[in-house]
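To be precise, the following lines are target.csv, and they hold CSV, C-alpha atoms and all ligand atoms.
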chain,number,residue,atom,x,y,z
A,1,MET,CA,41.8,111.4,-16.9
A,2,THR,CA,40.6,112.4,-20.4
A,3,THR,CA,43.9,113.0,-22.3
A,4,SER,CA,43.6,111.8,-25.8
A,5,ILE,CA,46.0,109.0,-26.9
A,6,ASP,CA,47.2,109.1,-30.6
A,7,LEU,CA,47.1,105.5,-31.9
A,8,LEU,CA,48.9,103.8,-34.8
A,9,VAL,CA,47.6,100.5,-36.0
A,10,HIS,CA,50.2,98.2,-37.6
A,11,GLY,CA,49.0,95.3,-39.8
A,12,ALA,CA,45.9,97.4,-40.6
A,13,SER,CA,44.8,95.6,-43.7
A,14,GLY,CA,44.7,92.2,-42.0
A,15,ARG,CA,41.7,90.4,-40.4
A,16,MET,CA,42.6,91.8,-36.9
A,17,GLY,CA,43.8,95.2,-38.2
A,18,GLN,CA,40.5,95.9,-39.8
A,19,ARG,CA,38.6,95.1,-36.6
A,20,LEU,CA,41.0,97.4,-34.6
A,21,LEU,CA,40.3,100.2,-37.0
A,22,ALA,CA,36.5,99.6,-36.9
A,23,LEU,CA,36.3,99.3,-33.0
A,24,SER,CA,38.8,102.0,-32.0
A,25,GLY,CA,36.0,104.5,-32.0
A,26,GLU,CA,34.4,102.7,-29.0
A,27,PHE,CA,37.3,103.9,-26.8
A,28,ALA,CA,36.8,107.5,-25.9
A,29,ARG,CA,40.5,108.3,-25.3
A,30,LEU,CA,41.9,106.7,-28.4
A,31,HIS,CA,42.5,108.8,-31.4
A,32,LEU,CA,43.4,106.9,-34.6
A,33,VAL,CA,46.1,108.8,-36.5
A,34,ALA,CA,47.6,106.1,-38.8
A,35,ALA,CA,47.0,102.7,-40.3
A,36,VAL,CA,50.1,100.8,-41.6
A,37,ALA,CA,50.2,97.6,-43.7
A,38,ARG,CA,52.4,96.0,-46.3
A,39,GLY,CA,52.2,98.5,-49.1
A,40,THR,CA,49.0,100.6,-49.2
A,41,ALA,CA,47.3,99.1,-52.2
A,42,GLY,CA,45.4,96.4,-50.2
A,43,LEU,CA,44.3,98.7,-47.4
A,44,VAL,CA,40.6,99.0,-47.1
A,45,VAL,CA,39.6,101.5,-44.4
A,46,PRO,CA,36.3,100.4,-42.7
A,47,GLU,CA,33.3,102.6,-43.4
A,48,GLY,CA,33.1,105.6,-41.2
A,49,VAL,CA,36.8,105.5,-40.2
A,50,ALA,CA,38.7,108.3,-42.0
A,51,ILE,CA,42.4,107.9,-41.4
A,52,PRO,CA,45.3,108.0,-43.8
A,53,ALA,CA,47.0,104.8,-44.8
A,54,MET,CA,50.7,105.1,-44.9
A,55,ARG,CA,54.1,103.5,-44.6
A,56,LEU,CA,55.8,103.1,-41.1
A,57,SER,CA,58.5,105.6,-42.1
A,58,GLU,CA,55.9,108.2,-42.8
A,59,ALA,CA,54.0,107.9,-39.4
A,60,PRO,CA,53.0,111.1,-37.6
A,61,ALA,CA,53.4,111.5,-33.9
A,62,PHE,CA,51.7,108.8,-31.8
A,63,ARG,CA,51.7,107.6,-28.1
A,64,LEU,CA,50.5,104.0,-28.7
A,65,LEU,CA,51.3,101.4,-31.4
A,66,ILE,CA,49.1,98.3,-31.7
A,67,ASP,CA,50.7,95.6,-33.8
A,68,PHE,CA,48.8,92.6,-35.2
A,69,SER,CA,51.0,91.7,-38.3
A,70,LEU,CA,53.4,88.9,-39.1
A,71,PRO,CA,56.8,88.1,-37.5
A,72,GLU,CA,58.7,89.5,-40.5
A,73,ALA,CA,57.0,92.9,-40.0
A,74,PHE,CA,57.4,93.0,-36.2
A,75,ASP,CA,61.0,94.4,-35.8
A,76,PRO,CA,60.6,97.8,-37.6
A,77,ALA,CA,57.3,98.4,-35.7
A,78,LEU,CA,59.0,97.8,-32.3
A,79,ALA,CA,62.0,99.9,-33.3
A,80,LEU,CA,59.7,102.8,-34.2
A,81,ALA,CA,57.8,102.6,-30.9
A,82,VAL,CA,61.1,102.7,-29.0
A,83,GLN,CA,62.3,105.6,-31.2
A,84,ARG,CA,59.1,107.6,-30.5
A,85,ARG,CA,59.0,106.5,-26.8
A,86,ALA,CA,55.5,105.2,-27.4
A,87,ALA,CA,53.7,102.3,-25.7
A,88,PHE,CA,53.8,99.1,-27.7
A,89,VAL,CA,51.0,96.4,-27.7
A,90,SER,CA,51.5,93.3,-29.9
A,91,GLY,CA,49.4,90.2,-30.6
A,92,THR,CA,51.6,89.0,-33.4
A,93,THR,CA,52.3,85.3,-32.9
A,94,GLY,CA,55.2,83.1,-34.1
A,95,LEU,CA,57.9,85.5,-32.9
A,96,SER,CA,61.5,84.2,-32.7
A,97,LEU,CA,63.6,84.0,-29.5
A,98,ASP,CA,65.5,87.0,-30.8
A,99,GLN,CA,62.3,89.0,-31.2
A,100,LEU,CA,61.2,88.1,-27.7
A,101,LYS,CA,64.6,89.3,-26.4
A,102,ALA,CA,64.2,92.6,-28.4
A,103,LEU,CA,60.8,93.1,-26.7
A,104,GLU,CA,62.5,92.6,-23.3
A,105,ALA,CA,65.2,95.1,-24.2
A,106,ALA,CA,62.6,97.6,-25.4
A,107,SER,CA,60.7,97.3,-22.1
A,108,ARG,CA,63.6,99.1,-20.4
A,109,GLN,CA,62.6,102.2,-22.4
A,110,ILE,CA,58.9,101.9,-23.1
A,111,PRO,CA,55.9,100.1,-21.7
A,112,VAL,CA,55.3,96.9,-23.8
A,113,LEU,CA,52.7,94.2,-23.6
A,114,TRP,CA,52.7,91.2,-25.9
A,115,SER,CA,50.1,88.5,-25.6
A,116,ALA,CA,49.1,85.5,-27.7
A,117,ASN,CA,45.5,86.1,-26.8
A,118,PHE,CA,43.8,89.3,-25.7
A,119,SER,CA,40.6,87.8,-24.5
A,120,LEU,CA,39.7,88.1,-20.8
A,121,GLY,CA,38.3,84.5,-20.8
A,122,VAL,CA,41.7,83.1,-21.8
A,123,ALA,CA,43.4,85.2,-19.1
A,124,VAL,CA,41.2,83.4,-16.6
A,125,LEU,CA,41.7,80.0,-18.3
A,126,SER,CA,45.4,80.4,-18.0
A,127,ASP,CA,45.0,80.9,-14.2
A,128,LEU,CA,42.8,77.8,-13.9
A,129,VAL,CA,45.2,75.7,-15.9
A,130,GLU,CA,48.1,76.5,-13.6
A,131,ARG,CA,46.1,75.7,-10.5
A,132,ALA,CA,44.8,72.4,-12.0
A,133,ALA,CA,48.3,71.4,-13.0
A,134,ARG,CA,49.5,72.1,-9.4
A,135,ALA,CA,46.6,70.1,-7.9
A,136,LEU,CA,46.9,67.1,-10.2
A,137,PRO,CA,50.6,66.1,-10.2
A,138,GLY,CA,51.5,63.2,-12.5
A,139,TRP,CA,48.3,63.5,-14.7
A,140,ASP,CA,48.6,63.6,-18.5
A,141,LEU,CA,47.8,66.9,-20.1
A,142,ASP,CA,46.8,67.4,-23.8
A,143,ILE,CA,46.2,70.8,-25.3
A,144,VAL,CA,44.2,70.8,-28.5
A,145,GLU,CA,43.8,74.0,-30.6
A,146,SER,CA,41.7,74.6,-33.7
A,147,HIS,CA,42.0,77.7,-36.0
A,148,HIS,CA,41.0,78.8,-39.5
A,149,VAL,CA,43.0,77.4,-42.5
A,150,HIS,CA,44.9,80.7,-43.0
A,151,LYS,CA,46.7,80.5,-39.6
A,152,LYS,CA,50.4,79.8,-40.3
A,153,ASP,CA,52.0,79.0,-37.0
A,154,ALA,CA,51.2,75.8,-35.0
A,155,PRO,CA,50.7,75.2,-32.1
A,156,SER,CA,49.0,78.5,-31.6
A,157,GLY,CA,50.6,81.2,-29.4
A,158,THR,CA,47.7,80.8,-27.0
A,159,ALA,CA,48.2,77.0,-26.8
A,160,LEU,CA,51.9,77.6,-26.0
A,161,ALA,CA,51.0,80.3,-23.4
A,162,LEU,CA,48.5,77.9,-21.7
A,163,GLY,CA,51.3,75.2,-21.9
A,164,ALA,CA,53.6,77.6,-20.1
A,165,SER,CA,51.0,78.1,-17.3
A,166,ALA,CA,50.7,74.3,-17.1
A,167,LYS,CA,54.4,73.9,-16.8
A,168,ALA,CA,54.6,76.5,-14.1
A,169,GLY,CA,52.1,74.3,-12.2
A,170,GLY,CA,54.4,71.2,-12.8
A,171,ALA,CA,52.6,69.6,-15.8
A,172,ASP,CA,54.2,68.4,-19.0
A,173,PRO,CA,51.8,69.3,-21.8
A,174,ARG,CA,51.4,67.7,-25.3
A,175,TYR,CA,50.0,69.7,-28.2
A,176,ALA,CA,47.8,68.9,-31.2
A,177,SER,CA,46.7,71.5,-33.8
A,178,LEU,CA,43.7,71.5,-36.3
A,179,ARG,CA,43.3,73.9,-39.2
A,180,ALA,CA,39.8,74.0,-40.7
A,181,GLY,CA,37.4,76.5,-42.3
A,182,ASP,CA,36.9,79.8,-40.6
A,183,ILE,CA,37.3,78.8,-36.9
A,184,VAL,CA,38.2,81.9,-34.9
A,185,GLY,CA,40.0,80.1,-32.1
A,186,GLU,CA,39.3,77.1,-29.8
A,187,HIS,CA,41.5,75.7,-27.0
A,188,TRP,CA,40.5,72.5,-25.3
A,189,LEU,CA,42.6,70.9,-22.5
A,190,GLN,CA,42.3,67.5,-20.8
A,191,PHE,CA,44.0,66.5,-17.6
A,192,VAL,CA,43.8,62.7,-17.6
A,193,GLY,CA,44.4,60.6,-14.4
A,194,GLN,CA,43.5,57.0,-13.5
A,195,GLY,CA,39.8,56.5,-14.1
A,196,GLU,CA,39.0,60.2,-14.3
A,197,ARG,CA,39.4,63.3,-16.5
A,198,VAL,CA,39.1,67.1,-16.2
A,199,GLU,CA,38.3,69.1,-19.3
A,200,LEU,CA,38.7,72.9,-19.7
A,201,ALA,CA,37.8,74.8,-22.9
A,202,HIS,CA,37.6,78.3,-24.3
A,203,ARG,CA,35.9,79.1,-27.6
A,204,ALA,CA,36.1,82.4,-29.4
A,205,THR,CA,33.3,83.1,-31.8
A,206,SER,CA,34.3,86.6,-32.9
A,207,ARG,CA,37.7,88.2,-33.5
A,208,ASP,CA,36.2,91.4,-31.9
A,209,ILE,CA,37.1,90.0,-28.4
A,210,PHE,CA,40.8,90.2,-29.3
A,211,ALA,CA,40.6,93.6,-30.9
A,212,ARG,CA,38.6,95.1,-28.0
A,213,GLY,CA,41.0,93.5,-25.5
A,214,ALA,CA,44.0,95.0,-27.3
A,215,LEU,CA,42.4,98.5,-27.5
A,216,ALA,CA,41.5,98.4,-23.9
A,217,VAL,CA,44.9,97.2,-22.8
A,218,GLY,CA,46.6,99.8,-25.1
A,219,GLU,CA,44.5,102.6,-23.5
A,220,TRP,CA,45.8,101.5,-20.1
A,221,LEU,CA,49.4,100.7,-21.1
A,222,ALA,CA,49.9,104.2,-22.6
A,223,GLY,CA,49.7,105.6,-19.0
A,224,GLN,CA,52.2,103.1,-17.5
A,225,PRO,CA,55.9,103.6,-16.9
A,226,PRO,CA,58.4,101.6,-19.0
A,227,GLY,CA,58.2,97.8,-18.3
A,228,HIS,CA,57.2,94.4,-19.6
A,229,TYR,CA,53.5,93.9,-18.8
A,230,THR,CA,51.2,90.9,-19.1
A,231,MET,CA,47.5,90.4,-19.4
A,232,ARG,CA,47.5,89.3,-15.8
A,233,ASP,CA,48.9,92.8,-14.8
A,234,TRP,CA,46.1,94.4,-16.7
A,235,VAL,CA,43.4,92.2,-15.2
A,236,ALA,CA,44.9,92.9,-11.7
A,237,ALA,CA,45.0,96.7,-12.4
A,238,LYS,CA,41.4,96.6,-13.5
A,239,ALA,CA,40.4,94.6,-10.4
A,240,ARG,CA,41.9,97.4,-8.3
A,241,ASP,CA,40.1,100.2,-10.1
A,301,LIG,P1,46.6,88.8,-41.7
A,301,LIG,O1,47.4,87.9,-42.5
A,301,LIG,O2,45.1,88.9,-42.1
A,301,LIG,O3,47.2,90.3,-41.6
A,301,LIG,C1,48.6,90.5,-41.5
A,301,LIG,C2,48.8,92.0,-41.6
A,301,LIG,O4,50.2,92.3,-41.5
A,301,LIG,C3,48.4,92.6,-42.9
A,301,LIG,O5,47.9,94.0,-42.7
A,301,LIG,C4,49.7,92.8,-43.7
A,301,LIG,O6,49.7,93.8,-44.7
A,301,LIG,C5,50.6,93.1,-42.6
A,301,LIG,N1,52.0,92.8,-43.0
A,301,LIG,C6,52.5,91.6,-43.4
A,301,LIG,N2,53.8,91.7,-43.7
A,301,LIG,C7,54.1,93.0,-43.5
A,301,LIG,C8,55.3,93.8,-43.6
A,301,LIG,N3,56.5,93.2,-44.0
A,301,LIG,N4,55.3,95.1,-43.3
A,301,LIG,C9,54.1,95.7,-42.8
A,301,LIG,N5,53.0,95.0,-42.7
A,301,LIG,C10,53.0,93.7,-43.0
A,301,LIG,O7,46.7,88.2,-40.2
A,301,LIG,P2,45.7,88.4,-39.0
A,301,LIG,O8,44.7,87.2,-38.9
A,301,LIG,O9,45.1,89.8,-38.9
A,301,LIG,O10,46.6,88.1,-37.7
A,301,LIG,C11,47.8,88.9,-37.5
A,301,LIG,C12,48.6,88.4,-36.4
A,301,LIG,O11,47.8,88.4,-35.2
A,301,LIG,C13,49.0,86.9,-36.5
A,301,LIG,O12,50.3,86.7,-36.0
A,301,LIG,C14,47.9,86.2,-35.7
A,301,LIG,O13,48.4,84.9,-35.3
A,301,LIG,C15,47.8,87.1,-34.6
A,301,LIG,N6,46.5,87.1,-33.8
A,301,LIG,C16,46.7,87.3,-32.5
A,301,LIG,C17,45.5,87.4,-31.7
A,301,LIG,C18,45.7,87.7,-30.2
A,301,LIG,O14,44.7,87.8,-29.4
A,301,LIG,N7,47.0,87.8,-29.8
A,301,LIG,C19,44.3,87.2,-32.2
A,301,LIG,C20,44.2,86.9,-33.6
A,301,LIG,C21,45.3,86.9,-34.4
Would you kindly transcribe this structure into structure tokens?
Ligand code: NAD
Amino acid sequence: MTTSIDLLVHGASGRMGQRLLALSGEFARLHLVAAVARGTAGLVVPEGVAIPAMRLSEAPAFRLLIDFSLPEAFDPALALAVQRRAAFVSGTTGLSLDQLKALEAASRQIPVLWSANFSLGVAVLSDLVERAARALPGWDLDIVESHHVHKKDAPSGTALALGASAKAGGADPRYASLRAGDIVGEHWLQFVGQGERVELAHRATSRDIFARGALAVGEWLAGQPPGHYTMRDWVAAKARD
């Protein structure tokens, strides 16, 4: 199917937003129609990408909204996607319980997919963590995450998601967070028993893995019926292709 999908990027001036704008051209079906950020003064459109910068209220028609912003910017973006009956992909972390409930409610009208981490490697790690937790009952589990100094929320959304997988397998994880320099994102886990230890780790060296993951997921999600999807749904759908 070659139908073009009009794309709005929300949080476009941010570290992630800039990579989404720059890499969207790699996806044949995606057609960037708008880039939205707080105000427009700080918006730098990457070289070779010609799209108008605008406010959310001025957005033209679109079928897919990809949001990598901040929790305080999330609600109007989700509301607009619902109003336009567009697919909604979000990687914004630090969302409140009310915002997660709003996402659930929106999924009755539009396809939504929120993930703390859009990397394929982390989707696989999440599966490994759940299986290890199930196989190692009673072992201690520590989840240590490191990110750049600008990251505001801690523990990271990915650490919490890995923790949720561990809990599903019966473990009771403890968390530690480090903020230093320009670290893109590292998650290291240790299952510690009596006289032995299992370590699992994922290291991201480029933000592009998250941007490419979100664009690929968005291209797929725009063709799905309303519902609340996860990265595992996407991985399973790709495995069936
Ligand atoms: P950033 O601070 O560089 O960018 C934030 C963006 O949000 C900017 O464009 C800013 O203008 C916009 N914004 C802020 N307040 C706004 C408002 N009220 N209205 C409209 N726009 C507003 O942040 P970043 O490093 O690009 O990260 C963005 C989010 O994505 C964070 O929550 C981060 O934790 C998350 N993140 C997720 C993944 C993942 O794979 N899920 C990966 C990296 C980062």
From the options A:Leu113, A:Ser119, A:Asp75, A:Ala168, which residue's atoms come nearest to A:Asp208, counting all atoms listed in the file?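 Of A:Leu113, A:Ser119, A:Asp75, A:Ala168, the one nearest A:Asp208, counting all atoms listed in the file, is A:Ser119.
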Residues up to 6 Å from ligand LIG 301 (chain A), counting all atoms listed in the file: could you list those as a PDB file with C-alpha atoms, in the coordinates of the input?
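Writing done, so here's out21.pdb:
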ATOM      1  CA  GLY A  11      49.000  95.300 -39.800  1.00  0.00           C
ATOM      2  CA  ALA A  12      45.900  97.400 -40.600  1.00  0.00           C
ATOM      3  CA  SER A  13      44.800  95.600 -43.700  1.00  0.00           C
ATOM      4  CA  GLY A  14      44.700  92.200 -42.000  1.00  0.00           C
ATOM      5  CA  ARG A  15      41.700  90.400 -40.400  1.00  0.00           C
ATOM      6  CA  MET A  16      42.600  91.800 -36.900  1.00  0.00           C
ATOM      7  CA  GLY A  17      43.800  95.200 -38.200  1.00  0.00           C
ATOM      8  CA  ALA A  37      50.200  97.600 -43.700  1.00  0.00           C
ATOM      9  CA  ARG A  38      52.400  96.000 -46.300  1.00  0.00           C
ATOM     10  CA  PHE A  68      48.800  92.600 -35.200  1.00  0.00           C
ATOM     11  CA  SER A  69      51.000  91.700 -38.300  1.00  0.00           C
ATOM     12  CA  LEU A  70      53.400  88.900 -39.100  1.00  0.00           C
ATOM     13  CA  GLU A  72      58.700  89.500 -40.500  1.00  0.00           C
ATOM     14  CA  ALA A  73      57.000  92.900 -40.000  1.00  0.00           C
ATOM     15  CA  GLY A  91      49.400  90.200 -30.600  1.00  0.00           C
ATOM     16  CA  THR A  92      51.600  89.000 -33.400  1.00  0.00           C
ATOM     17  CA  THR A  93      52.300  85.300 -32.900  1.00  0.00           C
ATOM     18  CA  SER A 115      50.100  88.500 -25.600  1.00  0.00           C
ATOM     19  CA  ALA A 116      49.100  85.500 -27.700  1.00  0.00           C
ATOM     20  CA  ASN A 117      45.500  86.100 -26.800  1.00  0.00           C
ATOM     21  CA  PHE A 118      43.800  89.300 -25.700  1.00  0.00           C
ATOM     22  CA  PHE A 210      40.800  90.200 -29.300  1.00  0.00           C
TER      23      PHE A 210
END
If you count only C-alpha atoms, which residues fall within 9 Å of A:Arg29, apart from same-chain ones fewer than 2 positions away, as a ChimeraX atom specification? /A:2-6,25,27,31,219
Quick one: everything within 7 Å of A:Leu8, counting all atoms listed in the file, minus sequence neighbours fewer than 3 positions away in the same chain. Send it as a list in words. Leu32, Val33, Ala34, Ala35, Phe62, Leu64, Leu65 and Ile66 of chain A
What is the distance between atom CA of A:Ser206 and atom CA of A:Trp234, in Å to one decimal?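 A separation of 21.5 Å between them.
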From the set A:Glu145, A:Arg203, A:Gln194, A:Lys167, which residue has the shortest atom-to-atom contact distance to A:Arg179, counting all atoms listed in the file?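 Nearest to A:Arg179: A:Glu145.
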Near A:Leu120, counting all atoms listed in the file, which residues have an atom at most 9 Å away, once you skip same-chain residues fewer than 4 positions from it, shown as a VMD selection string? chain A and resid 124 to 125 209 to 210 213 231 235
When you draw a straight line from atom CA of A:Leu221 to atom CA of A:Ala105, how long is it in Å?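 It comes out at 17.0 Å.
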Select, from A:Gly157, A:Gly223, A:Gly169, A:Gly181, the residue with the minimum atom-to-atom distance to A:Pro137, counting all atoms listed in the file. A:Gly169
Return the single residue from A:Lys152, A:His10, A:His228, A:Arg197 that is closest to A:Arg108, with distances computed using only C-alpha atoms. A:His228
Tell me, as a list in words, which residues lie within 10 Å of A:Ser156, counting only C-alpha atoms; anything in the same chain fewer than 6 positions away does not count. Thr93, Gly94, Ala116, Asn117, Val144, Glu145, Ser146, His147, Leu162, Tyr175, Ala176, Ser177, Leu178, Gly185, Glu186 and His187 of chain A
Write a file of the just-selected residues containing C-alpha atoms, as a PDB file, in the coordinates of the input.
ATOM      1  CA  THR A  93      52.300  85.300 -32.900  1.00  0.00           C
ATOM      2  CA  GLY A  94      55.200  83.100 -34.100  1.00  0.00           C
ATOM      3  CA  ALA A 116      49.100  85.500 -27.700  1.00  0.00           C
ATOM      4  CA  ASN A 117      45.500  86.100 -26.800  1.00  0.00           C
ATOM      5  CA  VAL A 144      44.200  70.800 -28.500  1.00  0.00           C
ATOM      6  CA  GLU A 145      43.800  74.000 -30.600  1.00  0.00           C
ATOM      7  CA  SER A 146      41.700  74.600 -33.700  1.00  0.00           C
ATOM      8  CA  HIS A 147      42.000  77.700 -36.000  1.00  0.00           C
ATOM      9  CA  LEU A 162      48.500  77.900 -21.700  1.00  0.00           C
ATOM     10  CA  TYR A 175      50.000  69.700 -28.200  1.00  0.00           C
ATOM     11  CA  ALA A 176      47.800  68.900 -31.200  1.00  0.00           C
ATOM     12  CA  SER A 177      46.700  71.500 -33.800  1.00  0.00           C
ATOM     13  CA  LEU A 178      43.700  71.500 -36.300  1.00  0.00           C
ATOM     14  CA  GLY A 185      40.000  80.100 -32.100  1.00  0.00           C
ATOM     15  CA  GLU A 186      39.300  77.100 -29.800  1.00  0.00           C
ATOM     16  CA  HIS A 187      41.500  75.700 -27.000  1.00  0.00           C
TER      17      HIS A 187
END
